[in-house]
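Structure record follows, encoded as structure tokens.
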Amino acid sequence: MLNIIPRPNSEEIYGGDLTFDGGVAVSACDEARPAEQMVRNMLSKFCPTIRFSDSGKVAIKFEKDALLPKESYRIDADGDKLIMTASGMPGWTYALVSLRQMLRTDRDDKTMYASCPCCHIDDSPRFAYRGVMLDEARHFFGETEVKRLLDLMCLYKLNVLHWHLSDDQGYRVESDVFPLLTTVASRRNDTQVGGKRSDKFTGIASSGYYTKKQIRHIVEYARERNIEIVPELDMPSHCTAILAAYPDLSCHGEKTDVSTTFGNTERSVCPGKDSTYDFAAKLVDEWCELFPSPLFHIGADEPAEQEWKTCSDCREAVVRNGLGDIKELLPLFVNRVADLLRERGKTPVIWSEKLLRGVRKHAIFEVFDHIDPKALATEVSQGRRVIVATADRYYASRPYCMTPLKKTYCYEPTSVLGSPGSDAGVIGAEMLLWSEWVYDRLKLDFNLFPRMCAMAESAWTDRARKSLSDFRKRWDAHKALMDSIGVAYAGDKLTDPGIFTRKKSEYIWKNVDQYDEVRRNNL
Ligand code: ACM
Ligand code: ZN
């Protein structure tokens with residue numbers, strides 16, 4: 001077993017180690033120059049006594065095989081050479097990530113040296129989309145934390161950051177087109193703490209947004225790590241922060257504040273007014289300049305239909321469009337925004353807690369609740385593409401007593417289409433970190449690790465090669481790496497039900513408690 005997460009799809013272990021002790025000669029084709037630099041940096045940092053010289057007794061080579069798929073790579077390590085083969089930087093990056101995970105240091109009397117097992121790896125991902133969603137509307141983490149998360153995602157071969165940048169509690173993107181989004185929608189006066197039913201507040205205002213310059217920088221930082229950033233502008237509901245800045249966008253135009261509590265506010269932009277779509281088109285244009293990804297997430301979850309019922313514009317839109325019911329304003333809204341995205345060359349992604357009928361066929365469904373698998377399979381057979389984000393398996397915001405490691409690891413993503421599912425139509429899977437009760441790095445780490453690694457294995461590794469006991473052993477070996485990076489992962493006795501189960505019902509509503517208890521008691 002090689003200590004690599006996600007487990008490679010083909011590996012052979014020869015026995016013995018390749019040892020980097022004397023000089024190391026590194027060579028690369030032109031396209032792999034950045035990888036050459038990366039391996040030098042990585043080895044020097046890992047083992048400062050390593051020297052690089054063309055006459056070194058160990059050779060590291062980056063070779064190109066144009067026939068390999070974009071993210072595939074091969075590693076050949078024997079007694080005196082290490083060859084990493086790929087068709088471009090994504091593959092070489094992943095070869096380096098696997099190497100990083102296999103490296104060990106040791107020392108004899110005089111020197112410290114690094115080694116990796118002699119092996120052959122031939123590896124390719126199962127799914128093209130391997131995502132993490134970060135919610136920065138509820139809590140704003142900022143550039144340093146996002147870049148750190150991107151580094152950690154790359155380490156586990158995750159390639160999409162789904163960036164939730166707008167919700168009831170905050171709007172996080174600098175805007176020149178709608179300046180009040182920057183000055184009003186990015187600030188809130190207070191913040192609820194202690195869970196949905198709590199009446200405690202921090203008592204302090206908070207604010208935060210990314211400048212356009214920062215976003216461009218982060219997008220480039222992600223690209224260098226083979227990560228695409230898919231931004232999310234959640235509409236027509238979950239947008240109280242936008243309404244605090246521009247109340248005329250709502251059905252009734254009443255003034256509102258950016259939300260300070262975390263339940264659903266049931267507020268919405270009006271799907272019946274043309275001015276809503278003019279606003280959406282201008283904002284989408286502003287975002288398209290920042291985010292080159294071909295995917296654009298437009299939310300569309302938990303529609304606030306109550307407001308629509310009492311709105312004359314909404315009711316007229318129902319009649320004008322020959323809709324049977326006010327609820328059909330949601331697919332109408334999604335389709336209008338999908339069309340303006342299509343004009344800009346973008347494919348929409350929408351949340352799917354139930355099967356939304358009549359939505360443009362090219363829109364991708366991000367399925368987070370249990371939808372009837374047969375109905376979803378029929379949709380897929382007609383060309384629908386799906387991202388699996390099943391809440392009770394992949395919501396890393398949930399405490400471990402609700403979603404233990406095993407429940408995340410053992411989940412088969414295609415089961416959303418029935419069992420046994422085929423991969424067709426499922427483009428990938430995503431781990432989601434909603435941040436109502438996640439407010440700092442420590443808790444982010446605690447909630448994501450090791451569950452993010454477990455999900456990464458389901459997204460990368462063929463299902464026949466997965467094994468929980470094997471994963472646990474590799475995760476054990478990874479703890480040293482996590483410690484060296486400073487990741488505050490959840491310990492083994494916390495990742496499975498046990499000491500916390502007794503309070504499960506409380507945790508469902510007070511997600512923060514388990515973590516508080518852990519930190520308070522040094523568990
Ligand atoms: C969601 O959990 N409302 C996507
Ligand atoms: Zn309305």
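Residue numbering restarts at 1 for every chain of the structure tokens, chains are lettered A, B, ... in their displayed order, and ligands are numbered from 1 as they appear.
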*Near region 109-120 of chain A, counting only C-alpha atoms, which residues have an atom at most 6 Å away, once you skip same-chain residues fewer than 3 positions from it, shown as a ChimeraX atom specification?*
/A:11-14,16-21,75-78,102-106
Go ahead and write the residues just picked, all heavy atoms, as a short mmCIF file (atom, residue, chain, number, x, y, z; two decimals), in the first residue's frame.
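Final file, out.cif:
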data_model
loop_
_atom_site.label_atom_id
_atom_site.label_comp_id
_atom_site.auth_asym_id
_atom_site.auth_seq_id
_atom_site.Cartn_x
_atom_site.Cartn_y
_atom_site.Cartn_z
N GLU A 11 -1.27 0.84 -9.04
CA GLU A 11 0.02 1.02 -8.37
C GLU A 11 0.70 -0.34 -8.21
O GLU A 11 0.04 -1.37 -8.04
CB GLU A 11 -0.16 1.68 -6.99
CG GLU A 11 -0.91 0.83 -5.99
CD GLU A 11 -1.30 1.57 -4.71
OE1 GLU A 11 -1.58 2.78 -4.73
OE2 GLU A 11 -1.35 0.91 -3.66
N GLU A 12 2.01 -0.32 -8.33
CA GLU A 12 2.80 -1.53 -8.14
C GLU A 12 3.97 -1.13 -7.25
O GLU A 12 4.62 -0.10 -7.52
CB GLU A 12 3.31 -1.98 -9.51
CG GLU A 12 3.67 -3.44 -9.57
CD GLU A 12 4.14 -3.80 -10.98
OE1 GLU A 12 3.63 -3.22 -11.97
OE2 GLU A 12 5.05 -4.63 -11.06
N ILE A 13 4.21 -1.91 -6.22
CA ILE A 13 5.30 -1.57 -5.29
C ILE A 13 6.41 -2.58 -5.50
O ILE A 13 6.17 -3.79 -5.43
CB ILE A 13 4.79 -1.59 -3.83
CG1 ILE A 13 3.61 -0.62 -3.70
CG2 ILE A 13 5.90 -1.20 -2.86
CD1 ILE A 13 2.79 -0.81 -2.45
N TYR A 14 7.61 -2.08 -5.79
CA TYR A 14 8.71 -3.00 -6.12
C TYR A 14 9.47 -3.48 -4.88
O TYR A 14 10.21 -4.45 -4.93
CB TYR A 14 9.72 -2.31 -7.05
CG TYR A 14 9.14 -1.87 -8.37
CD1 TYR A 14 9.48 -0.64 -8.93
CD2 TYR A 14 8.26 -2.69 -9.08
CE1 TYR A 14 8.96 -0.23 -10.15
CE2 TYR A 14 7.72 -2.28 -10.30
CZ TYR A 14 8.08 -1.06 -10.83
OH TYR A 14 7.56 -0.66 -12.03
N GLY A 16 11.89 -1.80 -1.50
CA GLY A 16 13.07 -0.92 -1.46
C GLY A 16 12.68 0.53 -1.68
O GLY A 16 11.54 0.84 -2.01
N ASP A 17 13.67 1.40 -1.46
CA ASP A 17 13.41 2.85 -1.55
C ASP A 17 14.32 3.52 -2.56
O ASP A 17 15.44 3.08 -2.79
CB ASP A 17 13.68 3.50 -0.19
CG ASP A 17 12.60 3.17 0.82
OD1 ASP A 17 11.46 2.90 0.39
OD2 ASP A 17 12.90 3.17 2.03
N LEU A 18 13.82 4.60 -3.11
CA LEU A 18 14.66 5.52 -3.88
C LEU A 18 15.09 6.59 -2.88
O LEU A 18 14.24 7.26 -2.27
CB LEU A 18 13.85 6.13 -5.02
CG LEU A 18 14.45 7.33 -5.76
CD1 LEU A 18 15.80 6.96 -6.36
CD2 LEU A 18 13.51 7.78 -6.86
N THR A 19 16.39 6.73 -2.71
CA THR A 19 16.88 7.62 -1.66
C THR A 19 17.54 8.86 -2.26
O THR A 19 18.39 8.75 -3.15
CB THR A 19 17.89 6.88 -0.76
OG1 THR A 19 17.22 5.72 -0.25
CG2 THR A 19 18.35 7.74 0.40
N PHE A 20 17.10 10.01 -1.81
CA PHE A 20 17.70 11.28 -2.24
C PHE A 20 18.71 11.68 -1.17
O PHE A 20 18.35 12.29 -0.18
CB PHE A 20 16.64 12.37 -2.38
CG PHE A 20 15.50 11.99 -3.30
CD1 PHE A 20 14.32 11.48 -2.77
CD2 PHE A 20 15.61 12.14 -4.67
CE1 PHE A 20 13.26 11.12 -3.61
CE2 PHE A 20 14.55 11.77 -5.51
CZ PHE A 20 13.38 11.27 -4.98
N ASP A 21 19.97 11.26 -1.35
CA ASP A 21 20.95 11.65 -0.33
C ASP A 21 22.06 12.50 -0.94
O ASP A 21 22.21 13.64 -0.60
CB ASP A 21 21.47 10.45 0.47
CG ASP A 21 21.86 9.27 -0.38
OD1 ASP A 21 21.79 9.39 -1.63
OD2 ASP A 21 22.22 8.24 0.18
N ILE A 75 4.18 7.64 -12.52
CA ILE A 75 5.42 7.77 -11.76
C ILE A 75 6.19 6.45 -11.89
O ILE A 75 5.59 5.38 -11.72
CB ILE A 75 5.15 8.06 -10.26
CG1 ILE A 75 4.59 9.47 -10.08
CG2 ILE A 75 6.41 7.87 -9.43
CD1 ILE A 75 4.31 9.85 -8.63
N ASP A 76 7.46 6.53 -12.25
CA ASP A 76 8.33 5.36 -12.22
C ASP A 76 9.48 5.69 -11.30
O ASP A 76 10.29 6.57 -11.60
CB ASP A 76 8.88 5.07 -13.62
CG ASP A 76 7.83 4.38 -14.47
OD1 ASP A 76 7.53 3.22 -14.17
OD2 ASP A 76 7.31 5.03 -15.40
N ALA A 77 9.54 4.99 -10.17
CA ALA A 77 10.62 5.23 -9.22
C ALA A 77 11.35 3.91 -9.01
O ALA A 77 10.74 2.92 -8.62
CB ALA A 77 10.06 5.73 -7.90
N ASP A 78 12.66 3.91 -9.35
CA ASP A 78 13.44 2.72 -8.99
C ASP A 78 14.67 3.19 -8.22
O ASP A 78 14.70 4.32 -7.73
CB ASP A 78 13.76 1.87 -10.23
CG ASP A 78 14.63 2.61 -11.22
OD1 ASP A 78 15.32 3.57 -10.81
OD2 ASP A 78 14.64 2.25 -12.42
N MET A 102 4.36 10.61 -0.58
CA MET A 102 5.16 9.40 -0.34
C MET A 102 6.50 9.69 0.33
O MET A 102 7.15 8.79 0.83
CB MET A 102 5.45 8.69 -1.67
CG MET A 102 4.25 8.04 -2.29
SD MET A 102 4.74 6.96 -3.66
CE MET A 102 5.23 8.12 -4.91
N LEU A 103 6.93 10.96 0.28
CA LEU A 103 8.28 11.28 0.79
C LEU A 103 8.41 11.05 2.29
O LEU A 103 7.50 11.35 3.05
CB LEU A 103 8.61 12.76 0.51
CG LEU A 103 9.07 13.17 -0.89
CD1 LEU A 103 9.30 14.67 -0.92
CD2 LEU A 103 10.34 12.42 -1.29
N ARG A 104 9.54 10.52 2.66
CA ARG A 104 9.86 10.36 4.09
C ARG A 104 11.25 10.92 4.31
O ARG A 104 12.09 10.88 3.42
CB ARG A 104 9.89 8.87 4.47
CG ARG A 104 8.59 8.15 4.24
CD ARG A 104 7.55 8.49 5.32
NE ARG A 104 6.23 8.02 4.95
CZ ARG A 104 5.32 8.74 4.29
NH1 ARG A 104 5.57 9.98 3.93
NH2 ARG A 104 4.15 8.24 4.00
N THR A 105 11.51 11.41 5.52
CA THR A 105 12.90 11.79 5.82
C THR A 105 13.45 10.84 6.87
O THR A 105 12.71 10.28 7.67
CB THR A 105 13.04 13.20 6.41
OG1 THR A 105 12.09 13.37 7.42
CG2 THR A 105 12.96 14.27 5.37
N ASP A 106 14.74 10.72 6.83
CA ASP A 106 15.42 9.91 7.84
C ASP A 106 16.81 10.51 7.98
O ASP A 106 17.20 11.38 7.21
CB ASP A 106 15.50 8.45 7.35
CG ASP A 106 15.37 7.50 8.54
OD1 ASP A 106 15.74 7.92 9.66
OD2 ASP A 106 14.90 6.37 8.34
#
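Every residue of region 198-328 of chain A found in strand (DSSP E) when DSSP is run on the backbone appears here: A:Lys200, A:Phe201, A:Ser206, A:Ser207, A:Glu228, A:Ile229, A:Val230, A:Pro231, A:Glu232, A:Leu233, A:Asp234, A:Met235, A:Leu295, A:Phe296, A:His297, A:Ile298, A:Gly299.
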*Given the choices A:Arg463, A:Arg267, A:Lys493, A:Lys473, which gets closest to ligand 2 if the distance is worked out from only C-alpha atoms and all ligand atoms?*
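So, comparing all the options, the nearest one is A:Arg267.
Between CA of Ile427 (chain A) and CA of Val388 (chain A) lies a distance of 8.2 Å.
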*Would you please give, as a PyMOL selection string, all residues of region 35-208 of chain A that DSSP assigns to helix (DSSP H, G or I) based on the backbone?*
chain A and resi 35-46+89-102+143-155+179-183
*Which residue out of A:Asp462, A:Glu307, A:Glu436, A:Asp445 has the minimum interatomic distance to ligand 2 when only C-alpha atoms and all ligand atoms are used?*
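Closest to ligand 2 of all the choices is A:Glu307.
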Name the residues in contact with region 318-323 of chain A at a cut-off of 12 Å, using only C-alpha atoms, excluding same-chain residues fewer than 3 positions from it; report them as an mmCIF file with N, CA, C and O atoms, in the first residue's frame.
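Writing done, so here's around36.cif:
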data_model
loop_
_atom_site.group_PDB
_atom_site.id
_atom_site.type_symbol
_atom_site.label_atom_id
_atom_site.label_comp_id
_atom_site.auth_asym_id
_atom_site.auth_seq_id
_atom_site.Cartn_x
_atom_site.Cartn_y
_atom_site.Cartn_z
ATOM 1 N N PRO A 271 -38.998 37.748 -9.165
ATOM 2 C CA PRO A 271 -38.827 37.090 -10.469
ATOM 3 C C PRO A 271 -39.838 37.570 -11.509
ATOM 4 O O PRO A 271 -39.758 37.176 -12.675
ATOM 5 N N GLY A 272 -40.767 38.442 -11.084
ATOM 6 C CA GLY A 272 -41.801 38.913 -12.018
ATOM 7 C C GLY A 272 -41.454 40.226 -12.712
ATOM 8 O O GLY A 272 -42.146 40.644 -13.645
ATOM 9 N N LYS A 273 -40.399 40.908 -12.259
ATOM 10 C CA LYS A 273 -40.071 42.238 -12.823
ATOM 11 C C LYS A 273 -38.906 42.132 -13.815
ATOM 12 O O LYS A 273 -37.888 41.510 -13.516
ATOM 13 N N TRP A 308 -43.809 36.008 -3.348
ATOM 14 C CA TRP A 308 -44.291 36.064 -4.731
ATOM 15 C C TRP A 308 -45.822 36.053 -4.779
ATOM 16 O O TRP A 308 -46.427 36.683 -5.634
ATOM 17 N N LYS A 309 -46.419 35.319 -3.824
ATOM 18 C CA LYS A 309 -47.878 35.160 -3.846
ATOM 19 C C LYS A 309 -48.612 36.486 -3.691
ATOM 20 O O LYS A 309 -49.709 36.664 -4.198
ATOM 21 N N CYS A 311 -47.386 39.460 -4.623
ATOM 22 C CA CYS A 311 -46.749 40.476 -5.468
ATOM 23 C C CYS A 311 -47.483 40.560 -6.807
ATOM 24 O O CYS A 311 -47.639 39.545 -7.505
ATOM 25 N N SER A 312 -47.927 41.756 -7.173
ATOM 26 C CA SER A 312 -48.701 41.875 -8.415
ATOM 27 C C SER A 312 -47.821 41.583 -9.639
ATOM 28 O O SER A 312 -48.272 40.988 -10.607
ATOM 29 N N ASP A 313 -46.548 41.976 -9.584
ATOM 30 C CA ASP A 313 -45.649 41.679 -10.717
ATOM 31 C C ASP A 313 -45.490 40.167 -10.910
ATOM 32 O O ASP A 313 -45.481 39.671 -12.038
ATOM 33 N N CYS A 314 -45.336 39.472 -9.798
ATOM 34 C CA CYS A 314 -45.177 38.012 -9.882
ATOM 35 C C CYS A 314 -46.451 37.377 -10.434
ATOM 36 O O CYS A 314 -46.400 36.501 -11.299
ATOM 37 N N ARG A 315 -47.572 37.833 -9.925
ATOM 38 C CA ARG A 315 -48.842 37.231 -10.376
ATOM 39 C C ARG A 315 -49.083 37.496 -11.848
ATOM 40 O O ARG A 315 -49.548 36.631 -12.592
ATOM 41 N N ILE A 326 -47.641 29.654 -9.048
ATOM 42 C CA ILE A 326 -46.624 30.642 -8.679
ATOM 43 C C ILE A 326 -45.242 29.984 -8.538
ATOM 44 O O ILE A 326 -44.208 30.592 -8.822
ATOM 45 N N LYS A 327 -45.227 28.704 -8.143
ATOM 46 C CA LYS A 327 -43.956 27.976 -7.976
ATOM 47 C C LYS A 327 -43.168 27.907 -9.291
ATOM 48 O O LYS A 327 -41.948 27.775 -9.283
ATOM 49 N N GLU A 328 -43.890 27.983 -10.413
ATOM 50 C CA GLU A 328 -43.208 27.865 -11.709
ATOM 51 C C GLU A 328 -42.413 29.117 -12.066
ATOM 52 O O GLU A 328 -41.727 29.165 -13.086
ATOM 53 N N LEU A 329 -42.513 30.129 -11.194
ATOM 54 C CA LEU A 329 -41.649 31.305 -11.398
ATOM 55 C C LEU A 329 -40.177 30.948 -11.188
ATOM 56 O O LEU A 329 -39.301 31.612 -11.728
ATOM 57 N N LEU A 330 -39.921 29.884 -10.407
ATOM 58 C CA LEU A 330 -38.512 29.518 -10.179
ATOM 59 C C LEU A 330 -37.853 29.000 -11.469
ATOM 60 O O LEU A 330 -36.827 29.550 -11.890
ATOM 61 N N PRO A 331 -38.428 27.974 -12.136
ATOM 62 C CA PRO A 331 -37.817 27.576 -13.423
ATOM 63 C C PRO A 331 -37.802 28.717 -14.446
ATOM 64 O O PRO A 331 -36.853 28.818 -15.234
ATOM 65 N N LEU A 332 -38.822 29.585 -14.400
ATOM 66 C CA LEU A 332 -38.824 30.730 -15.327
ATOM 67 C C LEU A 332 -37.619 31.623 -15.058
ATOM 68 O O LEU A 332 -36.879 32.026 -15.972
ATOM 69 N N PHE A 333 -37.385 31.914 -13.767
ATOM 70 C CA PHE A 333 -36.240 32.741 -13.382
ATOM 71 C C PHE A 333 -34.932 32.068 -13.810
ATOM 72 O O PHE A 333 -34.059 32.674 -14.431
ATOM 73 N N GLY A 358 -38.618 21.486 -16.318
ATOM 74 C CA GLY A 358 -38.680 22.539 -17.336
ATOM 75 C C GLY A 358 -37.471 23.452 -17.373
ATOM 76 O O GLY A 358 -37.509 24.512 -17.991
#
Given only C-alpha atoms and all ligand atoms, how would the per-residue table for chain A near ligand 1 read, listing every residue at most 7 Å away with its closest atom pair and distance in Å to one decimal, sorted by chain and number, as JSON lines?
{"residue": "A:Asp301", "atom": "CA", "partner": "ligand 1", "partner_atom_place_in_ligand_line": "3 (N)", "distance": 5.4}
{"residue": "A:Glu302", "atom": "CA", "partner": "ligand 1", "partner_atom_place_in_ligand_line": "3 (N)", "distance": 6.1}
{"residue": "A:Trp351", "atom": "CA", "partner": "ligand 1", "partner_atom_place_in_ligand_line": "4 (C)", "distance": 5.7}
{"residue": "A:Phe368", "atom": "CA", "partner": "ligand 1", "partner_atom_place_in_ligand_line": "4 (C)", "distance": 6.4}
*Tell me which of A:Ala245, A:Ala338, A:Ser435, A:Arg385 sits closest to Val193 (chain A), counting only C-alpha atoms.*
A:Ser435
*asked:* Measuring between only C-alpha atoms, which one of A:Lys466, A:Lys346, A:Lys407, A:Arg107 shows the shortest distance to Asp285 (chain A)?
replied: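 Checking each of A:Lys466, A:Lys346, A:Lys407, A:Arg107 against Asp285 (chain A), counting only C-alpha atoms, the winner is A:Lys346.
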*Smallest atom-to-atom distance to Ala429 (chain A): which of A:Leu442, A:Ala454, A:Ala35, A:Leu355, using only C-alpha atoms?*
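Closest to Ala429 (chain A), using only C-alpha atoms: A:Ala454.
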*Tell me which of A:Trp460, A:Thr240, A:Cys410, A:Ala281 sits closest to Tyr94 (chain A), counting only C-alpha atoms.*
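Closest candidate: A:Trp460.
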_Spatial neighbours of region 149-161 of chain A, max dist 9 Å, only C-alpha atoms, sep filter under 4 positions, as a count of residues only_ = 35
